[in-house]
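A.B. asks: This is upload_39.txt, which holds compact mmCIF, C-alpha atoms:
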# COMPACT_ATOMS: atom_id res chain seq x y z
CA MET V 838 -55.67 -45.38 -36.88
CA GLY V 839 -57.59 -46.65 -39.85
CA LEU V 840 -57.74 -46.89 -43.59
CA VAL V 841 -56.84 -43.25 -44.12
CA HIS V 842 -54.35 -42.66 -41.26
CA GLY V 843 -51.79 -44.85 -39.52
CA SER V 844 -51.67 -48.63 -39.69
CA ALA V 845 -54.80 -50.37 -40.96
CA SER V 846 -56.51 -53.66 -40.18
CA PHE V 847 -59.47 -54.38 -42.38
CA CYS V 848 -61.78 -56.85 -44.03
CA ARG V 849 -63.34 -56.76 -47.47
CA TYR V 850 -66.88 -57.11 -48.75
CA GLU V 851 -68.58 -57.30 -52.10
CA VAL V 852 -71.77 -55.29 -52.44
CA ASP V 853 -74.67 -57.48 -53.52
CA GLY V 854 -76.59 -55.36 -55.98
CA SER V 855 -75.82 -52.16 -57.78
CA LEU V 856 -75.73 -48.56 -56.72
CA PRO V 857 -79.16 -46.93 -57.20
CA GLN V 858 -79.16 -44.46 -60.10
CA ASP V 859 -80.47 -41.70 -57.83
CA TYR V 860 -77.92 -42.31 -55.06
CA ILE V 861 -76.76 -38.69 -55.12
CA GLU V 862 -80.28 -37.65 -54.11
CA THR V 863 -81.23 -40.53 -51.80
CA PHE V 864 -78.03 -41.36 -49.88
CA PRO V 865 -77.56 -38.00 -48.09
CA GLY V 866 -80.92 -38.42 -46.32
CA GLU V 867 -80.15 -42.01 -45.35
CA ILE V 868 -76.64 -41.13 -44.12
CA LEU V 869 -78.03 -38.28 -42.03
CA ARG V 870 -80.76 -40.58 -40.66
CA TYR V 871 -78.10 -43.00 -39.45
CA ALA V 872 -75.51 -40.37 -38.46
CA PHE V 873 -73.77 -40.74 -35.14
CA HIS V 874 -75.26 -39.09 -32.01
CA THR V 875 -73.29 -38.75 -28.81
CA LEU V 876 -74.56 -40.52 -25.73
CA ASP V 877 -75.24 -37.10 -24.20
CA ASP V 878 -78.06 -36.81 -26.77
CA LEU V 879 -79.41 -40.25 -25.84
CA PRO V 880 -80.14 -40.31 -22.10
CA GLY V 881 -80.25 -43.79 -20.62
CA GLU V 882 -78.43 -45.40 -23.57
CA GLU V 883 -75.12 -47.21 -23.01
CA ARG V 884 -74.16 -47.53 -26.67
CA SER V 885 -74.44 -45.36 -29.75
CA THR V 886 -73.40 -46.16 -33.33
CA GLY V 887 -73.54 -44.11 -36.52
CA TRP V 888 -71.75 -42.45 -39.43
CA VAL V 889 -69.22 -39.65 -39.08
CA ASN V 890 -66.92 -37.86 -41.53
CA ILE V 891 -63.93 -40.11 -42.39
CA LEU V 892 -61.58 -37.14 -42.02
CA ASP V 893 -63.19 -35.75 -38.84
CA MET V 894 -64.81 -38.05 -36.27
CA PHE V 895 -66.60 -35.07 -34.63
CA ASP V 896 -68.44 -34.11 -37.82
CA ASN V 897 -71.80 -35.88 -38.01
CA ASP V 898 -73.87 -33.35 -39.94
CA PHE V 899 -72.11 -33.68 -43.32
CA ARG V 900 -72.99 -30.17 -44.50
CA THR V 901 -70.97 -30.44 -47.69
CA MET V 902 -71.59 -34.15 -48.35
CA GLU V 903 -67.84 -34.73 -48.42
CA TYR V 904 -68.43 -38.50 -48.23
CA PHE V 905 -68.92 -38.45 -52.01
CA LYS V 906 -65.38 -38.86 -53.29
CA GLU V 907 -65.81 -40.19 -56.81
CA PRO V 908 -65.62 -43.22 -57.31
CA PHE V 909 -65.86 -43.76 -53.56
CA ILE V 910 -68.25 -43.22 -50.70
CA ALA V 911 -66.07 -42.78 -47.64
CA LEU V 912 -67.37 -42.62 -44.08
CA SER V 913 -66.35 -43.73 -40.63
CA TRP V 914 -68.58 -45.81 -38.42
CA ARG V 915 -68.32 -44.52 -34.86
CA VAL V 916 -69.19 -46.68 -31.87
CA ASP V 917 -69.36 -45.12 -28.40
CA VAL V 918 -69.89 -47.32 -25.36
CA LYS V 919 -70.31 -46.39 -21.72
CA ARG V 920 -69.52 -49.18 -19.30
CA ILE V 921 -70.60 -49.17 -15.67
CA PRO V 922 -68.83 -51.78 -13.54
CA LYS V 923 -71.34 -54.31 -12.17
CA GLN V 924 -69.73 -54.08 -8.74
CA ALA V 925 -70.39 -50.33 -8.64
CA ILE V 926 -74.10 -50.80 -9.40
CA LEU V 927 -74.28 -53.52 -6.76
CA GLN V 928 -72.63 -51.35 -4.13
CA TYR V 929 -74.77 -48.26 -4.79
CA CYS V 930 -77.95 -50.38 -4.92
CA ARG V 931 -77.18 -51.99 -1.57
CA GLU V 932 -76.59 -48.60 0.05
CA ALA V 933 -79.77 -47.11 -1.48
CA GLU V 934 -81.91 -50.13 -0.49
CA LYS V 935 -80.61 -49.94 3.08
CA GLU V 936 -81.51 -46.27 3.27
CA VAL V 937 -85.08 -46.85 1.97
CA LYS V 938 -85.61 -49.79 4.36
CA GLU V 939 -84.48 -47.71 7.34
CA ARG V 940 -86.55 -44.71 6.31
CA GLU V 941 -89.72 -46.72 5.67
CA GLY V 942 -89.17 -49.15 8.57
CA LEU V 943 -89.28 -52.16 6.23
CA GLU V 944 -87.52 -55.48 6.59
CA TYR V 945 -87.79 -56.40 2.89
CA LEU V 946 -88.28 -54.41 -0.32
CA ALA V 947 -90.66 -55.53 -3.08
CA LYS V 948 -89.07 -56.62 -6.36
CA GLY V 949 -90.58 -53.64 -8.21
CA ILE V 950 -89.02 -51.14 -5.79
CA ARG V 951 -85.62 -52.87 -6.00
CA GLU V 952 -85.78 -52.65 -9.80
CA GLU V 953 -86.71 -48.95 -9.62
CA ILE V 954 -83.74 -48.27 -7.35
CA ARG V 955 -81.43 -50.21 -9.66
CA GLU V 956 -82.58 -48.26 -12.74
CA SER V 957 -82.16 -44.88 -11.03
CA ILE V 958 -78.66 -45.88 -9.88
CA ARG V 959 -77.80 -47.07 -13.40
CA LEU V 960 -78.94 -43.74 -14.90
CA ARG V 961 -77.05 -41.76 -12.28
CA LEU V 962 -73.81 -43.67 -12.87
CA LEU V 963 -74.31 -43.54 -16.63
CA LYS V 964 -74.25 -39.72 -16.52
CA ARG V 965 -70.87 -39.87 -14.78
CA ALA V 966 -69.31 -42.50 -17.09
CA ILE V 967 -66.99 -41.41 -19.90
CA PRO V 968 -67.66 -43.27 -23.17
CA GLN V 969 -65.05 -45.36 -24.96
CA THR V 970 -64.93 -44.44 -28.63
CA GLY V 971 -64.14 -46.69 -31.58
CA VAL V 972 -63.91 -45.24 -35.10
CA TYR V 973 -63.82 -47.64 -38.05
CA ASP V 974 -63.30 -46.35 -41.59
CA MET V 975 -65.44 -47.55 -44.47
CA ILE V 976 -64.47 -47.04 -48.10
CA TRP V 977 -66.96 -48.13 -50.73
CA ASN V 978 -65.60 -48.22 -54.27
CA PHE V 979 -68.72 -48.23 -56.38
CA LYS V 980 -66.77 -48.87 -59.59
CA THR V 981 -65.52 -52.23 -58.28
CA ASN V 982 -68.53 -52.78 -56.00
CA THR V 983 -66.30 -53.51 -53.02
CA VAL V 984 -66.24 -52.17 -49.48
CA LEU V 985 -63.22 -52.00 -47.18
CA PHE V 986 -64.07 -51.88 -43.49
CA GLY V 987 -61.43 -50.96 -40.93
CA ALA V 988 -61.95 -53.77 -38.42
CA THR V 989 -61.52 -57.56 -38.40
CA GLY V 990 -63.46 -58.84 -35.36
CA SER V 991 -66.38 -61.03 -36.51
CA LYS V 992 -68.97 -59.58 -34.12
CA LEU V 993 -68.17 -55.98 -35.01
CA CYS V 994 -68.00 -56.75 -38.75
CA ASP V 995 -71.40 -58.49 -38.66
CA GLU V 996 -72.90 -55.51 -36.83
CA PHE V 997 -71.36 -53.14 -39.36
CA ALA V 998 -72.73 -55.14 -42.32
CA GLU V 999 -76.21 -54.93 -40.79
CA PHE V 1000 -75.82 -51.18 -40.22
CA PHE V 1001 -74.67 -50.75 -43.83
CA ARG V 1002 -77.76 -52.70 -45.03
CA LYS V 1003 -80.06 -50.52 -42.95
CA THR V 1004 -78.51 -47.33 -44.34
CA PHE V 1005 -78.02 -48.18 -48.00
CA HIS V 1006 -80.50 -51.07 -48.44
CA LEU V 1007 -77.74 -53.21 -49.94
CA GLN V 1008 -76.31 -56.47 -48.58
CA LEU V 1009 -72.58 -56.95 -47.97
CA ILE V 1010 -71.02 -60.33 -48.80
CA PRO V 1011 -67.70 -61.04 -47.05
CA ILE V 1012 -64.72 -61.73 -49.29
CA TYR V 1013 -62.78 -64.80 -48.12
CA PRO V 1014 -60.39 -67.28 -49.79
CA TYR V 1015 -62.98 -69.46 -51.52
CA ALA V 1016 -64.84 -66.43 -52.92
CA LEU V 1017 -61.51 -64.96 -54.05
CA ALA V 1018 -60.63 -68.23 -55.80
CA GLN V 1019 -63.96 -68.15 -57.65
CA LYS V 1020 -63.31 -64.56 -58.70
CA ALA V 1021 -59.81 -65.46 -59.88
CA LEU V 1022 -61.18 -68.34 -61.97
CA ASN V 1023 -63.81 -66.07 -63.50
CA ALA V 1024 -61.09 -63.58 -64.40
CA LEU V 1025 -59.16 -66.41 -66.10
CA GLY V 1026 -62.27 -67.30 -68.09
CA LYS V 1027 -62.64 -70.61 -66.24
CA ASP V 1028 -65.57 -72.21 -64.41
CA SER V 1029 -65.66 -70.86 -60.85
CA ALA V 1030 -66.83 -74.27 -59.60
CA LEU V 1031 -63.26 -75.52 -60.22
CA ALA V 1032 -62.37 -73.90 -56.88
CA GLU V 1033 -63.95 -76.94 -55.22
CA GLU V 1034 -61.28 -79.15 -56.79
CA ILE V 1035 -58.52 -77.50 -54.78
CA ARG V 1036 -58.03 -80.01 -51.98
CA PRO V 1037 -56.21 -79.38 -48.67
CA LEU V 1038 -52.47 -80.11 -48.61
CA TYR V 1039 -50.71 -82.19 -45.92
CA PHE V 1040 -47.14 -81.31 -45.11
CA ALA V 1041 -46.41 -83.64 -42.21
CA GLU V 1042 -44.81 -87.01 -42.74
CA GLY V 1043 -46.86 -90.07 -41.85
CA PRO V 1044 -50.58 -90.80 -42.14
CA GLN V 1045 -52.92 -87.93 -42.96
CA ALA V 1046 -55.36 -86.76 -40.28
CA MET K 793 -74.71 -73.10 -47.04
CA SER K 794 -73.99 -69.93 -45.01
CA VAL K 795 -70.85 -67.83 -45.52
CA ILE K 796 -69.47 -69.01 -42.17
CA ASP K 797 -69.92 -72.68 -43.21
CA ASP K 798 -68.27 -71.89 -46.55
CA VAL K 799 -65.34 -70.25 -44.77
CA ARG K 800 -64.87 -73.24 -42.44
CA GLU K 801 -65.17 -75.71 -45.33
CA SER K 802 -62.53 -73.90 -47.34
CA GLU K 803 -60.15 -72.61 -44.67
CA SER K 804 -57.35 -74.83 -46.00
CA LEU K 805 -57.31 -72.69 -49.15
CA GLY K 806 -55.97 -69.63 -47.33
CA ARG K 807 -53.59 -71.69 -45.17
CA ASP K 808 -52.07 -73.55 -48.11
CA PHE K 809 -51.81 -70.29 -50.06
CA LEU K 810 -49.71 -68.78 -47.24
CA VAL K 811 -47.39 -71.83 -47.27
CA TRP K 812 -47.03 -71.63 -51.05
CA LEU K 813 -46.35 -67.90 -50.78
CA TRP K 814 -43.61 -68.53 -48.23
CA PHE K 815 -42.13 -71.31 -50.37
CA ARG K 816 -42.16 -69.13 -53.51
CA SER K 817 -40.72 -66.18 -51.60
CA GLU K 818 -37.73 -68.26 -50.52
CA THR K 819 -37.15 -70.33 -53.62
CA MET K 820 -37.95 -67.95 -56.49
CA ALA K 821 -36.31 -64.87 -54.93
CA GLY K 822 -39.84 -63.79 -54.01
CA SER K 823 -40.45 -62.39 -57.45
CA PHE K 824 -43.99 -62.38 -58.85
CA GLN K 825 -44.92 -61.27 -62.37
CA LEU K 826 -48.10 -59.22 -62.42
CA GLN K 827 -50.32 -57.65 -65.07
CA ASP K 828 -48.98 -54.87 -67.28
CA ARG K 829 -45.42 -56.20 -66.93
CA GLU K 830 -45.33 -55.20 -63.31
CA GLU K 831 -43.25 -57.13 -60.86
CA ALA K 832 -43.58 -57.50 -57.11
CA GLU K 833 -41.03 -58.77 -54.65
CA LEU K 834 -42.41 -60.46 -51.55
CA TRP K 835 -40.83 -61.92 -48.44
CA PHE K 836 -41.78 -63.22 -44.99
CA GLU K 837 -40.13 -61.49 -42.07
CA GLY K 838 -40.86 -60.86 -38.44
CA LYS K 839 -43.76 -63.04 -37.40
CA VAL K 840 -45.33 -66.36 -38.35
CA THR K 841 -48.23 -67.96 -36.46
CA LEU K 842 -48.99 -71.68 -36.62
CA GLN K 843 -51.70 -73.76 -34.98
CA SER K 844 -52.36 -77.41 -34.30
CA GLU K 845 -55.37 -79.17 -32.89
CA GLY K 846 -54.90 -82.03 -30.51
CA ASP K 847 -56.32 -83.67 -27.39
CA ARG K 848 -55.53 -80.52 -25.41
CA GLY K 849 -57.39 -78.21 -27.80
CA VAL K 850 -55.87 -75.64 -30.14
CA GLU K 851 -52.15 -75.01 -29.64
CA THR K 852 -50.74 -71.78 -31.10
CA VAL K 853 -47.08 -71.22 -31.86
CA VAL K 854 -45.91 -67.69 -32.68
CA CYS K 855 -42.41 -67.38 -34.13
CA THR K 856 -41.06 -63.87 -34.16
CA GLY K 857 -37.73 -62.30 -34.99
CA GLU K 858 -35.12 -62.95 -37.59
CA ASN K 859 -34.42 -65.92 -39.81
CA VAL K 860 -33.49 -68.43 -37.10
CA ARG K 861 -36.94 -68.28 -35.53
CA ILE K 862 -38.59 -68.35 -38.92
CA ARG K 863 -36.72 -71.61 -39.56
CA GLU K 864 -38.35 -72.96 -36.41
CA ALA K 865 -41.70 -72.11 -37.95
CA ARG K 866 -40.79 -74.10 -41.05
CA PHE K 867 -39.88 -77.03 -38.83
CA ALA K 868 -43.29 -76.80 -37.12
CA LEU K 869 -44.92 -76.87 -40.54
CA GLY K 870 -43.26 -80.21 -41.27
CA GLU K 871 -44.58 -81.49 -37.97
CA GLY K 872 -48.13 -80.88 -39.09
CA LYS K 873 -48.80 -77.45 -37.61
CA LYS K 874 -50.91 -75.19 -39.79
CA LEU K 875 -49.89 -71.73 -40.90
CA THR K 876 -52.60 -69.27 -39.84
CA ARG K 877 -50.98 -65.84 -40.10
CA ALA K 878 -47.78 -64.29 -41.40
CA LYS K 879 -46.08 -60.93 -41.58
CA ILE K 880 -45.35 -60.10 -45.19
CA HIS K 881 -43.30 -57.43 -46.94
CA LEU K 882 -44.17 -56.57 -50.52
CA ARG K 883 -42.20 -54.24 -52.74
CA ALA K 884 -43.20 -52.93 -56.15
CA GLY K 885 -41.03 -50.27 -57.73
CA ASP K 886 -40.06 -47.79 -55.03
CA ASN K 887 -43.03 -48.64 -52.83
CA GLU K 888 -43.09 -51.09 -49.93
CA TRP K 889 -46.06 -52.41 -47.96
CA VAL K 890 -45.82 -54.36 -44.68
CA PHE K 891 -48.80 -56.27 -43.32
CA GLU K 892 -50.00 -59.44 -41.64
CA LEU K 893 -52.31 -61.71 -43.59
CA ASP K 894 -54.57 -64.24 -41.88
CA SER K 895 -55.46 -67.49 -43.58
CA THR K 896 -59.12 -67.87 -42.57
CA TRP K 897 -60.60 -64.69 -44.04
CA MET K 898 -57.46 -63.34 -45.71
CA ASN K 899 -57.98 -60.12 -43.80
CA PHE K 900 -55.16 -57.61 -43.65
CA HIS K 901 -53.79 -56.59 -40.25
CA SER K 902 -51.47 -53.75 -39.19
CA LEU K 903 -50.93 -52.64 -42.77
CA LYS K 904 -48.29 -50.00 -43.28
CA THR K 905 -48.49 -48.48 -46.73
CA PRO K 906 -45.69 -46.47 -48.32
CA ARG K 907 -45.58 -43.09 -46.63
CA VAL K 908 -47.97 -40.46 -47.91
CA PHE K 909 -46.48 -36.99 -47.74
CA ARG K 910 -48.81 -34.08 -47.19
CA GLU K 911 -47.95 -30.54 -48.04
CA LYS K 912 -49.04 -27.82 -45.64
CA GLY K 913 -52.43 -26.47 -46.71
CA GLU K 914 -52.98 -29.30 -49.18
CA ASP K 915 -56.54 -30.48 -49.80
CA PRO K 916 -57.21 -33.29 -47.24
CA ASP K 917 -58.93 -35.24 -50.02
CA ALA K 918 -55.54 -35.57 -51.72
CA LEU K 919 -54.33 -37.59 -48.71
CA PHE K 920 -57.48 -39.75 -48.88
CA TYR K 921 -57.06 -40.46 -52.59
CA GLU K 922 -53.37 -41.25 -52.35
CA ARG K 923 -53.75 -43.53 -49.36
CA THR K 924 -56.77 -45.33 -50.88
CA PHE K 925 -54.84 -45.78 -54.13
CA LEU K 926 -51.99 -47.42 -52.19
CA VAL K 927 -54.34 -49.77 -50.29
CA GLU K 928 -56.19 -50.76 -53.47
CA LYS K 929 -52.88 -51.22 -55.30
CA LEU K 930 -51.77 -53.72 -52.64
CA LEU K 931 -55.10 -55.56 -52.83
CA SER K 932 -54.88 -55.77 -56.60
CA MET K 933 -51.33 -57.20 -56.41
CA MET K 934 -52.24 -59.71 -53.69
CA ASP K 935 -55.35 -60.79 -55.62
CA GLN K 936 -53.22 -61.36 -58.71
CA ILE K 937 -50.72 -63.42 -56.71
CA PHE K 938 -53.60 -65.42 -55.19
CA GLY K 939 -55.01 -65.91 -58.72
CA GLY K 940 -51.60 -67.26 -59.73
CA TYR K 941 -51.78 -69.74 -56.86
CA VAL K 942 -55.27 -70.91 -57.89
CA GLU K 943 -54.08 -71.34 -61.46
CA ALA K 944 -51.00 -73.26 -60.30
CA ARG K 945 -53.12 -75.57 -58.11
CA LEU K 946 -55.31 -76.54 -61.06
CA SER K 947 -52.51 -76.98 -63.55
CA PRO K 948 -51.10 -80.46 -64.40
CA ALA K 949 -47.66 -79.16 -63.36
CA TRP K 950 -48.82 -78.89 -59.75
CA ASP K 951 -48.56 -82.60 -58.92
CA MET K 952 -45.59 -83.18 -61.20
CA GLU K 953 -43.36 -80.24 -60.26
CA GLU K 954 -44.64 -77.59 -57.85
CA LEU K 955 -45.92 -79.83 -55.02
CA PRO K 956 -42.81 -82.09 -54.93
CA ALA K 957 -40.61 -78.95 -54.85
CA LEU K 958 -42.72 -77.46 -52.03
CA MET K 959 -42.57 -80.71 -50.00
CA ASN K 960 -38.83 -80.85 -50.58
CA TRP K 961 -38.47 -77.28 -49.28
CA ILE K 962 -40.36 -78.22 -46.09
CA ARG K 963 -38.17 -81.33 -45.57
CA GLU K 964 -35.04 -79.24 -46.04
CA GLY K 965 -36.33 -76.86 -43.39
CA MET K 966 -36.50 -79.75 -40.93
CA LYS K 967 -32.82 -80.68 -41.29
Give the structure from this file in structure tokens form.

C.D. replies:
Amino acid sequence: MGLVHGSASFCRYEVDGSLPQDYIETFPGEILRYAFHTLDDLPGEERSTGWVNILDMFDNDFRTMEYFKEPFIALSWRVDVKRIPKQAILQYCREAEKEVKEREGLEYLAKGIREEIRESIRLRLLKRAIPQTGVYDMIWNFKTNTVLFGATGSKLCDEFAEFFRKTFHLQLIPIYPYALAQKALNALGKDSALAEEIRPLYFAEGPQA
Amino acid sequence: MSVIDDVRESESLGRDFLVWLWFRSETMAGSFQLQDREEAELWFEGKVTLQSEGDRGVETVVCTGENVRIREARFALGEGKKLTRAKIHLRAGDNEWVFELDSTWMNFHSLKTPRVFREKGEDPDALFYERTFLVEKLLSMMDQIFGGYVEARLSPAWDMEELPALMNWIREGMK
């Protein structure tokens, strides 16, 4: 489900700045640098994010640079997360600590040893965990300087905007009602500051809050 | 001021736009004139979400279903609840889009575009271009309608004609 297939939920951004003239030469390297890698390639990591082909979420090597779709750059941002239940770590740690204490004849374990046990348990469980995958489409129209991003949650959108900045060295500015009103006024040849004169309406009878 | 502060400061803009859109869709047969002599027909159907803030925090009312429930939503509006999200149908020519629009960011949710047919063996890019065209077409139409609202709000006719008619429509909904 996303901007290209199925039902879509998305937010909009304006790109602050213009497309570099040499983008055809520079972007492929940057996209490849920030391409998605599976968690199997990143031992010990619980989360991985990066670009994949918008038409194939398993393609992260972009051999034919199919993300260039004049006048668009189209990619998907893939986010894989492995989650280990806290209770599981707790249970395995307790069992492992008990075993060490019995074997070494100790009553207590030093903090450093407990942390070592916890980390080895975490890594062991991480290998067994199956990642949850999220794929969010991104369509950048460089004629209109706007980006559509296939998600609406604030935290995810903020993280995406930062990832976009790291990749393309351009800032994304969210489009929201006030910004849209300013744009509309500009298009009408009016002062965009007039948007501030649009006051809230009150529909209820009686005194205003 | 940060973007988040700006959004909070101006959140009434999106809310009031949704109310105006609903009012226009019911009183003007939902017809909107767009650029290049295009026309769009728009109506609310299926789901309307309202919120109010009181001593017990934020209260959310979701009205779903056919017209009767939607009338309940209009009643809630007259009681001071604020419209925060609505399911909207928009038709232009033979094409129809269905989506939910939220008032805070004016993000689009659960958008269904007109169906894109794909021939067997067709270049997958053709699907991309057609679908993107349909999404951008909707955005262009909605931006024009929003521009119309901004223009209406700043026109002298707003206080004299449009606002009294809108308030009257809300009162009628409470009968």

A.B. asks: I'd like the interatomic distance between CA of Leu962 in chain V and CA of Trp888 in chain V, to a tenth of an Å.

C.D. replies: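 Answer for the CA of Leu962 in chain V to CA of Trp888 in chain V separation: 26.7 Å.
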
A.B. asks: Show me, as CSV, the residues of chain V having an atom within 8 Å of chain K, each with the closest atom pair and its distance in Å, using only C-alpha atoms.

C.D. replies:
residue,atom,partner,partner_atom,distance
V:Leu840,CA,K:Thr924,CA,7.5
V:Val841,CA,K:Phe920,CA,5.9
V:Gly843,CA,K:Lys904,CA,7.3
V:Ser844,CA,K:Leu903,CA,5.1
V:Ala845,CA,K:Leu903,CA,4.8
V:Ser846,CA,K:His901,CA,4.0
V:Phe847,CA,K:Phe900,CA,5.5
V:Cys848,CA,K:Asn899,CA,5.0
V:Arg849,CA,K:Asn899,CA,7.3
V:Leu892,CA,K:Pro916,CA,7.8
V:Thr989,CA,K:Asn899,CA,6.9
V:Pro1011,CA,K:Val795,CA,7.6
V:Ile1012,CA,K:Trp897,CA,7.3
V:Tyr1013,CA,K:Trp897,CA,4.6
V:Pro1014,CA,K:Gly806,CA,5.6
V:Tyr1015,CA,K:Ser802,CA,6.1
V:Leu1017,CA,K:Asp935,CA,7.6
V:Ala1018,CA,K:Val942,CA,6.3
V:Ala1021,CA,K:Gly939,CA,5.0
V:Leu1022,CA,K:Gly939,CA,7.4
V:Ala1032,CA,K:Val942,CA,7.8
V:Glu1034,CA,K:Leu946,CA,7.8
V:Ile1035,CA,K:Arg945,CA,6.6
V:Arg1036,CA,K:Leu805,CA,7.9
V:Pro1037,CA,K:Ser804,CA,5.4
V:Leu1038,CA,K:Asp808,CA,6.6
V:Tyr1039,CA,K:Gly872,CA,7.4
V:Phe1040,CA,K:Gly870,CA,5.6
V:Ala1041,CA,K:Gly872,CA,4.5
V:Glu1042,CA,K:Gly870,CA,7.1

A.B. asks: Put a box with edges along x, y and z around all the listed atoms of range 836-850 of chain K, pad it by 8 Å on each side, then give me its centre and sizes in Å, one decimal, as JSON.

C.D. replies:
{"center_x": -48.8, "center_y": -72.3, "center_z": -35.2, "size_x": 33.3, "size_y": 38.8, "size_z": 35.6}

A.B. asks: Show which residues sit within 12 Å of Lys980 in chain V, as a PyMOL selection string. Count all atoms listed in the file, and ignore same-chain residues fewer than 6 positions away.

C.D. replies: chain V and resi 851-852+855-856+906-910

A.B. asks: Do a neighbour search on Leu876 in chain V at 10 Å with only C-alpha atoms, toss out local chain neighbours closer than 6 positions, and write the hits as a ChimeraX atom specification.

C.D. replies: /V:882-886,917-919,963-964,967-968

A.B. asks: Work out how far apart CA of Leu912 in chain V and CA of Ala878 in chain K are and give it in Å to one decimal.

C.D. replies: 29.3 Å

A.B. asks: Can you measure CA of Ala911 in chain V to CA of Leu882 in chain K for me? One decimal in Å is fine.

C.D. replies: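 CA of Ala911 in chain V sits 26.0 Å away from CA of Leu882 in chain K.
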
A.B. asks: Ranking K:Leu813, K:Gly822, K:Phe836, K:Gly885 by minimum distance to Ala944 in chain K and counting all atoms listed in the file, which one comes first?

C.D. replies: K:Leu813

A.B. asks: Reconstruct N, CA and C atoms of range 937-949 of chain K; output as a CSV table (one decimal), keeping the file's coordinate frame.

C.D. replies:
chain,number,residue,atom,x,y,z
K,937,ILE,N,-51.6,-62.3,-57.2
K,937,ILE,CA,-50.7,-63.4,-56.7
K,937,ILE,C,-51.6,-64.6,-56.3
K,938,PHE,N,-52.7,-64.3,-55.6
K,938,PHE,CA,-53.6,-65.4,-55.2
K,938,PHE,C,-54.2,-66.1,-56.4
K,939,GLY,N,-54.5,-65.3,-57.5
K,939,GLY,CA,-55.0,-65.9,-58.7
K,939,GLY,C,-54.0,-66.8,-59.3
K,940,GLY,N,-52.7,-66.4,-59.2
K,940,GLY,CA,-51.6,-67.3,-59.7
K,940,GLY,C,-51.5,-68.6,-59.0
K,941,TYR,N,-51.8,-68.5,-57.7
K,941,TYR,CA,-51.8,-69.7,-56.9
K,941,TYR,C,-52.9,-70.7,-57.3
K,942,VAL,N,-54.1,-70.1,-57.5
K,942,VAL,CA,-55.3,-70.9,-57.9
K,942,VAL,C,-55.0,-71.6,-59.2
K,943,GLU,N,-54.4,-70.8,-60.1
K,943,GLU,CA,-54.1,-71.3,-61.5
K,943,GLU,C,-53.1,-72.5,-61.3
K,944,ALA,N,-52.0,-72.2,-60.5
K,944,ALA,CA,-51.0,-73.3,-60.3
K,944,ALA,C,-51.6,-74.5,-59.7
K,945,ARG,N,-52.5,-74.4,-58.7
K,945,ARG,CA,-53.1,-75.6,-58.1
K,945,ARG,C,-53.9,-76.4,-59.1
K,946,LEU,N,-54.5,-75.8,-60.1
K,946,LEU,CA,-55.3,-76.5,-61.1
K,946,LEU,C,-54.5,-77.0,-62.3
K,947,SER,N,-53.3,-76.6,-62.4
K,947,SER,CA,-52.5,-77.0,-63.6
K,947,SER,C,-51.9,-78.4,-63.4
K,948,PRO,N,-51.7,-79.1,-64.5
K,948,PRO,CA,-51.1,-80.5,-64.4
K,948,PRO,C,-49.7,-80.4,-63.8
K,949,ALA,N,-49.0,-79.3,-63.9
K,949,ALA,CA,-47.7,-79.2,-63.4
K,949,ALA,C,-47.6,-79.2,-61.8
